[in-house]
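Structure first, commentary second.
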Amino acid sequence: YIPKDSPSCIASIIPILNRLSKNSSHKVLLVDDSITARKYTRSLLERQYLNVIEATNGEHALEVMQKDSEISLVITDYAMPERDGVSLVKELRKKYSLNKLAIIGLSGSDEASLTAKFLKAGANDFLTKPFNQEEFYCRLHSTLNILDSERRLYHLANQDYLTQTWNRRYFFDHPMSKNHQSPRCLALIDIDNFKAINDSFGHHIGDMVLIELATILKNYFPDALVSRFGGEEFCILYGNSPHIFEQRLEAMTNEIASSELTILSNKIKYTVSTGVVAAESNIHDLLRRADECLYKAKSQGRNCIVK
Ligand code: GH3
Ligand code: MG
Ligand code: MG
Ligand code: MG
């Protein structure tokens, strides 16, 4: 038997305490109507180098969340004026999935069903106040570990490993792809004679050209959905003016054609061909039409845009 606060028990938590470092990027919103409770929990969190901000009830917490997109953990009390903790969790989970936000419920109430209420509403975990400090840290760490894993999983499932653009799965899942009503522009961009780049310089240099192109695409279209569709083919889905879209595509095509890359002391020039469409149509139709335009761009001699 080890008494709760014996030195050996404290020692056992040291590796866990060490886990969160000064550069841990988590920002915590602490929601409680009791100033004393907030002060105490804040001091525990700050000892873990967590950046803490506070809200005094559920409604207030929703307002803070609206304004601050960096919050990755909400720790919330149950009984509060205006909106209680369970209702807050339900509201938050409508908007933030498990890879965006972790939530821990706290309550001083002895209502037995409260744990289940919090968990069913979407909380990751729950603790009854007053809680054991060590247990709080254990639950805090496991919750943040799960958040990190969820984020990593999301990243692995939706991003292209080589170029760090979105992948096809993300593209087709995105609301912008699914919303058939809204007018959209779509471009399919394909590197010209890419096989020759691989053949002359090697596959690893080809990979670096793909990374370079992805960077250019993301710079030219920071407000669009940029995905890698296949080997050396990228797709851009854009929700604003077709005129601006085409202007940017043109500027980008010219910049690529007129620059020379130096990769591991190899001088490389390349060009891209693009097929572009703008219409209120379903995504498969847009893709089919953009592909036809891309085919024309290739047969017209490459390094051009066909709409
Ligand atoms: P075109 O102008 O008609 O598009 O000719 P192309 O040579 O670019 O097209 P083709 O489809 O003949 O060849 C595409 C090449 O892209 C073949 C394939 O080996 C290469 N490729 C596909 N994925 C990757 C990749 O991830 N890295 C590298 N280095 N090459 C890749
Ligand atoms: Mg309370
Ligand atoms: Mg090609
Ligand atoms: Mg291709």
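Chains: A, B, ... in order of the structure tokens. Residues: from 1 per chain. Ligands: from 1, in order shown.
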
Within 6 Å of ligand 2, which residues show up when you count only C-alpha atoms and all ligand atoms? List them as an mmCIF file with C-alpha atoms, in the first residue's frame, please.
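File produced: out_39.cif:
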data_model
loop_
_atom_site.group_PDB
_atom_site.id
_atom_site.type_symbol
_atom_site.label_atom_id
_atom_site.label_comp_id
_atom_site.auth_asym_id
_atom_site.auth_seq_id
_atom_site.Cartn_x
_atom_site.Cartn_y
_atom_site.Cartn_z
ATOM 1 C CA ASP A 32 -15.830 27.743 -14.338
ATOM 2 C CA ASP A 33 -18.094 30.196 -12.525
ATOM 3 C CA SER A 34 -16.056 29.869 -9.337
ATOM 4 C CA ASP A 77 -17.211 22.878 -14.861
ATOM 5 C CA TYR A 78 -20.782 21.499 -14.892
ATOM 6 C CA ALA A 79 -23.029 23.846 -12.858
ATOM 7 C CA MET A 80 -22.741 27.376 -14.183
#

Mind dumping a table of every chain A residue within 9 Å of ligand 3, with the nearest atom pair and its distance in Å to one decimal, using only C-alpha atoms and all ligand atoms, sorted by chain and rising number, as CSV?
residue,atom,partner,partner_atom_place_in_ligand_line,distance
A:Ile189,CA,ligand 3,1 (Mg),8.7
A:Asp190,CA,ligand 3,1 (Mg),4.9
A:Ile191,CA,ligand 3,1 (Mg),4.3
A:Asp192,CA,ligand 3,1 (Mg),4.5
A:Asn193,CA,ligand 3,1 (Mg),5.3
A:Phe194,CA,ligand 3,1 (Mg),5.2
A:Lys195,CA,ligand 3,1 (Mg),7.2
A:Gly231,CA,ligand 3,1 (Mg),8.2
A:Glu232,CA,ligand 3,1 (Mg),5.9
A:Glu233,CA,ligand 3,1 (Mg),6.9
A:Val272,CA,ligand 3,1 (Mg),7.8
A:Ser273,CA,ligand 3,1 (Mg),8.1
A:Lys298,CA,ligand 3,1 (Mg),8.8

Lys269 (chain A) environment, 7 Å, only C-alpha atoms, sequence neighbours closer than 4 positions dropped, as a list in words: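 The residues that qualify are Ser259, Glu260 and Leu261 of chain A.
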
Take the residues just selected and output them with N, CA and C atoms as a PDB file, in the first residue's frame.
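Written output follows (result-v9.pdb):
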ATOM      1  N   SER A 259      11.378  30.498 -64.892  1.00  0.00           N
ATOM      2  CA  SER A 259      12.400  30.328 -63.856  1.00  0.00           C
ATOM      3  C   SER A 259      13.179  29.032 -64.049  1.00  0.00           C
ATOM      4  N   GLU A 260      14.332  29.013 -63.419  1.00  0.00           N
ATOM      5  CA  GLU A 260      15.180  27.830 -63.470  1.00  0.00           C
ATOM      6  C   GLU A 260      15.428  27.376 -62.040  1.00  0.00           C
ATOM      7  N   LEU A 261      15.141  26.119 -61.776  1.00  0.00           N
ATOM      8  CA  LEU A 261      15.367  25.591 -60.426  1.00  0.00           C
ATOM      9  C   LEU A 261      16.791  25.073 -60.314  1.00  0.00           C
TER      10      LEU A 261
END

Can you pull out the residues contacting Gln181 (chain A)? Cut-off 9 Å, using only C-alpha atoms, and skip same-chain residues under 5 positions away; I want them as an mmCIF file with C-alpha atoms, in the first residue's frame.
data_model
loop_
_atom_site.group_PDB
_atom_site.id
_atom_site.type_symbol
_atom_site.label_atom_id
_atom_site.label_comp_id
_atom_site.auth_asym_id
_atom_site.auth_seq_id
_atom_site.Cartn_x
_atom_site.Cartn_y
_atom_site.Cartn_z
ATOM 1 C CA GLU A 280 -22.235 25.635 -61.325
ATOM 2 C CA SER A 281 -22.014 21.930 -61.812
ATOM 3 C CA ASN A 282 -21.223 18.790 -59.874
#

DSSP alpha helix (DSSP H) selection over region 86-188 of chain A, as a ChimeraX atom specification: /A:86-95,114-121,133-158,168-173,175-178

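When only C-alpha atoms are used to measure the gap to His243 (chain A), the shortest distance among A:Ala123, A:Leu30, A:Val276, A:Ile283 belongs to A:Val276.
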
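The residue that comes closest to Lys178 (chain A), out of A:Phe201, A:Asp223, A:Leu237, A:Ile216 and on the basis of only C-alpha atoms, is A:Leu237.
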
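Among A:Leu119, A:Leu186, A:Ala61, A:Asn167, the residue with the shortest atom-to-atom distance to His155 (chain A), counting only C-alpha atoms, is A:Asn167.
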
Residues of region 56-144 of chain A classed as strand (DSSP E) by DSSP on the backbone are to be reported as a ChimeraX atom specification. /A:71-77,102-107,125-128

Quick one: of A:Leu98, A:Leu264, A:Ile244, A:Leu225, who's nearest to Phe172 (chain A), counting only C-alpha atoms? A:Leu225

Within 12 Å of Ile236 (chain A), counting only C-alpha atoms, which residues show up once you throw out same-chain ones fewer than 4 positions away? Write them as a PyMOL selection string, please. chain A and resi 165-168+171+176-177+184-190+214+217-218+220-229+245-246+248-249+274-278+283+286-287+290

Using only C-alpha atoms, which protein or nucleic acid residues come within 12 Å of Asn266 (chain A)? Drop anything in the same chain fewer than 5 positions from it, and give the result as a list in words. Ile197, Ser200, Phe201, Gly202, His204, Ile205, Gly206, Met208, Val209, Glu260 and Leu261 of chain A

Go ahead and write the selection's residues with C-alpha atoms as an mmCIF file, in the first residue's frame.
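Saved to again27.cif:
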data_model
loop_
_atom_site.group_PDB
_atom_site.id
_atom_site.type_symbol
_atom_site.label_atom_id
_atom_site.label_comp_id
_atom_site.auth_asym_id
_atom_site.auth_seq_id
_atom_site.Cartn_x
_atom_site.Cartn_y
_atom_site.Cartn_z
ATOM 1 C CA ILE A 197 12.882 15.066 -65.808
ATOM 2 C CA SER A 200 17.510 12.815 -66.935
ATOM 3 C CA PHE A 201 17.967 13.741 -63.283
ATOM 4 C CA GLY A 202 16.613 10.804 -61.295
ATOM 5 C CA HIS A 204 14.589 11.974 -56.242
ATOM 6 C CA ILE A 205 15.071 15.190 -58.222
ATOM 7 C CA GLY A 206 11.633 14.614 -59.779
ATOM 8 C CA MET A 208 11.804 17.751 -55.393
ATOM 9 C CA VAL A 209 10.316 19.350 -58.497
ATOM 10 C CA GLU A 260 15.180 27.830 -63.470
ATOM 11 C CA LEU A 261 15.367 25.591 -60.426
#

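Minimum distance to Phe136 (chain A) across A:Ile104, A:Cys304, A:Ile256, A:Val89 (counting only C-alpha atoms) occurs at A:Ile104.
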
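Among the candidate residues A:Arg302, A:Arg47, A:Lys296, A:His26, the one lying nearest to ligand 1 is A:Arg302, with distances computed using only C-alpha atoms and all ligand atoms.
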
Tell me, in Å to one decimal, how far atom 16 (O, counted along the ligand's line) of ligand 1 is from CA of Glu212 (chain A). 14.8 Å
